[in-house]
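Enquirer: Before I ask anything, let me first share the structure, which is written out below as structure tokens.
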Amino acid sequence: MQTIDFELDREYVELKQLLKLTDLVASGGEAKMLIGEGQVRVDGEVELRKACKIRAGQQVELGEVRIRVR
């Protein structure tokens, strides 16, 4: 599994924005589709909320990629 460390420069980032900022998706529409299909996990649980607030210390997974938010 590939791991990406993402340095958070604010209190939180929305899940769909995080996927775009880490270049895992090409657009917000693609991010919304993947989240809506249940393909994204936050801290090991499927997350269906597109605007879910992701904070430092959390992990997001999409396929074989893990994002560690710091």
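Identifiers in this document derive from the order of the structure tokens: chains are assigned A, B, ..., residues are numbered from 1 separately in each chain, and ligands are numbered from 1 in order of occurrence.
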Kindly assemble as CSV a list of the region 4-23 of chain A residues that lie within 12 Å of region 59-64 of chain A, each paired with its nearest atom pair and their distance in Å to one decimal, using only C-alpha atoms, sorted first by chain and then by ascending residue number.

Expert:
```
residue,atom,partner,partner_atom,distance
A:Ile4,CA,A:Val60,CA,9.7
A:Asp5,CA,A:Gln59,CA,9.5
A:Phe6,CA,A:Gln59,CA,9.8
A:Val13,CA,A:Val60,CA,11.8
A:Glu14,CA,A:Val60,CA,11.5
A:Leu15,CA,A:Val60,CA,8.5
A:Lys16,CA,A:Val60,CA,11.0
A:Leu18,CA,A:Val60,CA,9.0
A:Leu19,CA,A:Leu62,CA,8.8
A:Thr22,CA,A:Val60,CA,11.1
A:Asp23,CA,A:Leu62,CA,11.7
```

Enquirer: Find the residues near Lys32 (chain A): any atom within 12 Å, counting only C-alpha atoms, skip ones fewer than 3 places away on the same chain, and give them as a ChimeraX atom specification.

Expert: /A:14-20,25-29,35-40,47-52

Enquirer: Could you write out that same residue set with N, CA and C atoms as a compact mmCIF listing (two decimals), in the first residue's frame?

Expert:
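Saved file again-v8.txt follows:
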```
# COMPACT_ATOMS: atom_id res chain seq x y z
N GLU A 14 -11.90 19.33 3.90
CA GLU A 14 -13.01 18.47 3.52
C GLU A 14 -12.47 17.27 2.75
N LEU A 15 -13.12 16.14 2.92
CA LEU A 15 -12.67 14.89 2.30
C LEU A 15 -12.48 15.02 0.79
N LYS A 16 -13.47 15.59 0.11
CA LYS A 16 -13.37 15.72 -1.35
C LYS A 16 -12.20 16.61 -1.75
N GLN A 17 -11.90 17.64 -0.96
CA GLN A 17 -10.77 18.51 -1.24
C GLN A 17 -9.45 17.78 -1.02
N LEU A 18 -9.39 16.95 0.02
CA LEU A 18 -8.17 16.20 0.31
C LEU A 18 -7.81 15.28 -0.86
N LEU A 19 -8.81 14.62 -1.42
CA LEU A 19 -8.55 13.73 -2.55
C LEU A 19 -8.00 14.50 -3.75
N LYS A 20 -8.49 15.73 -3.94
CA LYS A 20 -7.98 16.57 -5.04
C LYS A 20 -6.58 17.08 -4.73
N VAL A 25 -7.59 12.23 -7.41
CA VAL A 25 -8.69 12.42 -8.37
C VAL A 25 -8.38 13.66 -9.19
N ALA A 26 -8.98 13.73 -10.37
CA ALA A 26 -8.74 14.87 -11.27
C ALA A 26 -9.71 16.02 -11.03
N SER A 27 -10.87 15.72 -10.41
CA SER A 27 -11.88 16.76 -10.22
C SER A 27 -12.70 16.51 -8.98
N GLY A 28 -13.41 17.54 -8.57
CA GLY A 28 -14.32 17.40 -7.43
C GLY A 28 -15.44 16.42 -7.74
N GLY A 29 -15.88 16.40 -8.99
CA GLY A 29 -16.94 15.47 -9.39
C GLY A 29 -16.50 14.03 -9.25
N ILE A 35 -16.57 8.81 -3.36
CA ILE A 35 -17.06 8.83 -1.98
C ILE A 35 -18.47 8.26 -1.92
N GLY A 36 -19.33 8.70 -2.85
CA GLY A 36 -20.71 8.24 -2.88
C GLY A 36 -20.84 6.74 -3.12
N GLU A 37 -19.87 6.17 -3.84
CA GLU A 37 -19.88 4.72 -4.11
C GLU A 37 -19.31 3.91 -2.95
N GLY A 38 -18.86 4.59 -1.89
CA GLY A 38 -18.33 3.87 -0.72
C GLY A 38 -16.92 3.37 -0.90
N GLN A 39 -16.15 3.98 -1.80
CA GLN A 39 -14.78 3.53 -2.06
C GLN A 39 -13.74 4.19 -1.16
N VAL A 40 -14.17 5.14 -0.33
CA VAL A 40 -13.22 5.88 0.51
C VAL A 40 -13.46 5.52 1.98
N GLU A 47 -16.73 6.09 4.48
CA GLU A 47 -17.25 7.45 4.69
C GLU A 47 -18.01 7.87 3.45
N LEU A 48 -19.27 8.23 3.62
CA LEU A 48 -20.11 8.63 2.50
C LEU A 48 -20.36 10.14 2.45
N ARG A 49 -19.91 10.87 3.47
CA ARG A 49 -20.11 12.33 3.49
C ARG A 49 -18.98 12.99 2.72
N LYS A 50 -19.33 13.67 1.65
CA LYS A 50 -18.33 14.30 0.78
C LYS A 50 -17.60 15.45 1.45
N ALA A 51 -18.29 16.15 2.35
CA ALA A 51 -17.69 17.30 3.02
C ALA A 51 -17.24 16.96 4.44
N CYS A 52 -17.05 15.68 4.72
CA CYS A 52 -16.58 15.24 6.03
C CYS A 52 -15.28 15.98 6.37
```

Enquirer: I need the residues of chain A that end up classed as strand (DSSP E) by DSSP on the backbone, written out as a PyMOL selection string.

Expert: chain A and resi 2-6+13-14+40-42+45-46+53-54+59-62+65-69

Enquirer: Determine the nearest neighbour of Arg66 (chain A) from the options A:Ile54, A:Leu8, A:Val46, A:Leu24, counting only C-alpha atoms.

Expert: A:Leu24

Enquirer: State, in Å with one decimal place, the distance from CA of Thr3 (chain A) to CA of Ala31 (chain A).

Expert: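 Calculated distance between CA of Thr3 (chain A) and CA of Ala31 (chain A) is 18.4 Å.
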
Enquirer: What residues in chain A get the DSSP label helix (DSSP H, G or I)? Please answer as a PyMOL selection string.

Expert: chain A and resi 15-21+28-36

Enquirer: Go through A:Met33, A:Met1, A:Arg10, A:Val42 and flag the residue nearest Gln58 (chain A), using only C-alpha atoms for the distances.

Expert: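 Nearest to Gln58 (chain A): A:Val42.
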
Enquirer: Determine the nearest neighbour of Arg55 (chain A) from the options A:Glu30, A:Gln2, A:Asp43, A:Glu11, counting only C-alpha atoms.

Expert: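 Answer, going by the shortest atom-to-atom distance: A:Glu11.
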
Enquirer: Give me the residues near Glu7 (chain A) as an MDAnalysis selection string, where near means some atom within 10 Å (using only C-alpha atoms) and where sequence neighbours in that chain fewer than 4 positions away do not count.

Expert: chainID A and resid 56 68:70

Enquirer: Write the residues you've just listed into a file as a compact mmCIF listing (two decimals), in the first residue's frame, and include N, CA and C atoms for each of them.

Expert:
```txt
# COMPACT_ATOMS: atom_id res chain seq x y z
N ALA A 56 -6.00 16.58 11.53
CA ALA A 56 -4.69 15.97 11.78
C ALA A 56 -4.85 14.72 12.63
N ARG A 68 -2.01 9.89 5.28
CA ARG A 68 -1.88 10.20 6.71
C ARG A 68 -1.87 11.72 6.84
N VAL A 69 -2.87 12.23 7.56
CA VAL A 69 -3.00 13.68 7.72
C VAL A 69 -2.26 14.08 8.99
N ARG A 70 -1.34 15.04 8.83
CA ARG A 70 -0.50 15.47 9.95
C ARG A 70 -0.73 16.93 10.26
```
